[in-house]
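Visitor: Got a structure for you, questions after.
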Amino acid sequence: MKKTLAMLLAVVMVFALAACGQSAAPAATPAAEPAAEPAADASAPKVAVFWYNFGDAFLSTVRDALDADLTEAGVDFQNFDAANNQATQLEQVQTAVTNGFNILVVNLVTSGSADAAQQIIDAAGDLPVVFFNRAIEGDGEEGKLLNANDGIAFIGTDAPEAGHMQGKMIGEYLLANYDAVDLNGDGEISYAMFMGDATNVEAIYRTKYGVEDANAVLTAAGKPELVYFNSSNSDKYQLDPNGAWSAAAGNEFMTTNLAEYSEANGNMIELVIANNDDMALGAMAALQNAGYNNGGDSKMIPVFGVDATQPARDAIAAGGMTGTVLQSAPAMAEAICSTVVALGGGATPADALAALASGEGVSMAEGFTNKLFVAYQPVA
């Protein structure tokens, strides 16, 4: 009997992996609009997908890819938009459970909050919960929830990895272009840093390592460390006040900065580092309005982001941006879809993720059986 059950589970895993391949993405699903007719069988998989904010540029690409994958796999699902409100998301989860959804996929609003995640888990009861993208445990709390709950899983990224990659990319670029970047010829590079969310683990590590790792590359080559452009700002970053990682925030900050910091004043910002592509693109637009980063003979202020969204790739190709770090939306969507299909076939979260962890570009987090990382890649 055990042998038969194991064989059946293996078949479910193979189907899950095959059913959720990458495919063309349709338009984003409207808030709370079913993508398929409700299943007649109450025991059949009925999936509720909860998004922290439909307006997030990177997650919109994940949602498009996931919608396509789930539809292709024949999964009955529905999207919910919390509009960046944790209380709204909890209410949506409670309502979905009452309405018969039996697999919950959650992009937590309050990133890194074990308390917020625990409320979701409590509301789910015995239902499996697949958290993704936004951390459910804070720095130093790793395993507090995941190792204590065998009914949940997490699919995301190794938070420090993007910061390390971005920092190394920046350092190597500066070494290759130092004199051109050092506009005032003082032997130092002044930089601006745009942070997306003060409580988000990804943002914290990107802000930290984007500078630290660049400095490590520079000092190893005998160059001085980066200098933050505004000596009166002890934080050494400018924070999106809405925690939205938005292009609007990046543009507003950079526009304001350029009114005081310029080549004419001898204190021009010579490098822009952003936690994501949207903020980088906003800063780039401000620079372009000031006559920089327009290609051709215009001067270039290097701008680096994270996510490798299509607009960022286009900007890099056109010479407006310098580099980014790929966070693969299709790969994350495929991993979520495969996990959902496996759960619907009776697999546990740990078994579902174990089947994925042997694939290229994904790995199980050390010390966990239910935490899967999708790898980052540098793009320049």
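Naming works like this for the structure tokens: A, B, ... for the chains as they're shown, residue 1 at the start of each chain, ligands 1 onward in shown order.
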Extract, using only C-alpha atoms, all DNA, RNA and protein residues at most 8 Å from A:Asp158, discarding same-chain residues fewer than 3 positions from it, and format them as a list in words.

Guide: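 The residues that qualify are Glu161, Ala162, Ala365, Phe373, Val374 and Ala375 of chain A.
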
Visitor: Using C-alpha atoms, can you export the residues from the last selection as a compact mmCIF listing (two decimals), in the first residue's frame?

Guide:
```txt
# COMPACT_ATOMS: atom_id res chain seq x y z
CA GLU A 161 21.45 37.67 -2.94
CA ALA A 162 20.09 40.57 -4.99
CA ALA A 365 16.75 27.08 1.67
CA PHE A 373 14.43 29.99 -3.43
CA VAL A 374 14.25 31.13 -7.06
CA ALA A 375 17.72 32.35 -8.07
```

Visitor: What are the closest atom pairs, with distances in Å to one decimal, for all residues of stretch 186-229 of chain A lying within 12 Å of stretch 266-283 of chain A? Consider only C-alpha atoms, order rows by chain and residue number, and present the result as a tab-separated table.

Guide:
```
residue	atom	partner	partner_atom	distance
A:Asp186	CA	A:Gly266	CA	9.7
A:Gly187	CA	A:Glu270	CA	11.7
A:Glu188	CA	A:Glu270	CA	9.3
A:Ile189	CA	A:Glu270	CA	6.0
A:Ser190	CA	A:Glu270	CA	5.3
A:Tyr191	CA	A:Leu271	CA	4.5
A:Ala192	CA	A:Val272	CA	5.0
A:Met193	CA	A:Ile273	CA	4.9
A:Phe194	CA	A:Ala274	CA	4.7
A:Met195	CA	A:Asn275	CA	5.5
A:Gly196	CA	A:Asn275	CA	6.0
A:Asp197	CA	A:Asn275	CA	9.0
A:Ala198	CA	A:Asn275	CA	11.1
A:Asn200	CA	A:Asn275	CA	10.7
A:Val201	CA	A:Asn275	CA	11.3
A:Glu202	CA	A:Asn275	CA	8.3
A:Ala203	CA	A:Asn275	CA	6.0
A:Ile204	CA	A:Asn275	CA	8.9
A:Tyr205	CA	A:Asn275	CA	9.2
A:Arg206	CA	A:Asn275	CA	6.0
A:Thr207	CA	A:Asn275	CA	6.7
A:Lys208	CA	A:Asn275	CA	10.2
A:Tyr209	CA	A:Asn275	CA	10.7
A:Gly210	CA	A:Ile273	CA	7.4
A:Val211	CA	A:Ile273	CA	8.3
A:Ala214	CA	A:Ile273	CA	10.7
A:Leu226	CA	A:Leu271	CA	9.2
A:Val227	CA	A:Ile269	CA	9.8
A:Tyr228	CA	A:Ile269	CA	8.7
A:Phe229	CA	A:Ile269	CA	6.2
```

Visitor: Show which residues sit within 9 Å of A:Gly143, as a list in words. Count only C-alpha atoms, and ignore same-chain residues fewer than 3 positions away.

Guide: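 So, after excluding close chain neighbours, the residues are Glu137, Leu146, Asn147, Ala148, Gly367 and Phe368 of chain A.
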
Visitor: Can I get the selected residues back with C-alpha atoms, as a PDB file, in the first residue's frame?

Guide:
```pdb
ATOM      1  CA  GLU A 137       9.675  35.979   8.992  1.00  0.00           C
ATOM      2  CA  LEU A 146       8.069  27.665   8.587  1.00  0.00           C
ATOM      3  CA  ASN A 147       9.738  25.041  10.766  1.00  0.00           C
ATOM      4  CA  ALA A 148       6.750  24.974  13.097  1.00  0.00           C
ATOM      5  CA  GLY A 367      17.710  24.125   7.136  1.00  0.00           C
ATOM      6  CA  PHE A 368      14.208  24.005   5.651  1.00  0.00           C
TER       7      PHE A 368
END
```

Visitor: Need to verify the contact set: A:Gly151, 10 Å, only C-alpha atoms, exclusion of same-chain residues closer than 5 positions in sequence. Can you return it as number ranges by chain?

Guide: A: 121, 124-130, 146, 348-350, 370

Visitor: With C-alpha atoms retained, export the selected residues as a PDB file, in the first residue's frame.

Guide:
```pdb
ATOM      1  CA  ILE A 121      -2.268  30.657   9.041  1.00  0.00           C
ATOM      2  CA  ALA A 124      -6.643  29.033   7.061  1.00  0.00           C
ATOM      3  CA  GLY A 125      -7.078  26.355   9.712  1.00  0.00           C
ATOM      4  CA  ASP A 126      -6.193  22.992   8.160  1.00  0.00           C
ATOM      5  CA  LEU A 127      -5.919  24.370   4.618  1.00  0.00           C
ATOM      6  CA  PRO A 128      -2.477  24.516   2.962  1.00  0.00           C
ATOM      7  CA  VAL A 129      -0.983  27.985   2.565  1.00  0.00           C
ATOM      8  CA  VAL A 130       1.692  28.868   0.009  1.00  0.00           C
ATOM      9  CA  LEU A 146       8.069  27.665   8.587  1.00  0.00           C
ATOM     10  CA  THR A 348       2.282  17.961   1.373  1.00  0.00           C
ATOM     11  CA  PRO A 349       3.960  21.361   0.955  1.00  0.00           C
ATOM     12  CA  ALA A 350       7.354  19.810   1.720  1.00  0.00           C
ATOM     13  CA  ASN A 370       9.307  24.000   2.935  1.00  0.00           C
TER      14      ASN A 370
END
```

Visitor: Please determine, counting only C-alpha atoms, which residue among A:Ala153, A:Val181, A:Gln86, A:Ala221 has the shortest atom-to-atom distance to A:Ala354.

Guide: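 Ranking A:Ala153, A:Val181, A:Gln86, A:Ala221 by distance to A:Ala354, first place goes to A:Ala153.
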
Visitor: Mind checking which residues fall within 9 Å of stretch 98-110 of chain A, counting only C-alpha atoms, ignoring those fewer than 3 positions away in the same chain, and posting them as an NGL selection string?

Guide: :A and (42-53 or 77 or 82-87 or 89 or 93-95 or 113 or 116-117 or 120 or 124 or 127-136 or 199-200 or 336 or 340 or 343-344)

Visitor: If you run DSSP on the backbone here, which positions in stretch 110-176 of chain A get helix (DSSP H, G or I)? Please write them as a PyMOL selection string.

Guide: chain A and resi 114-124+146-148+159-176
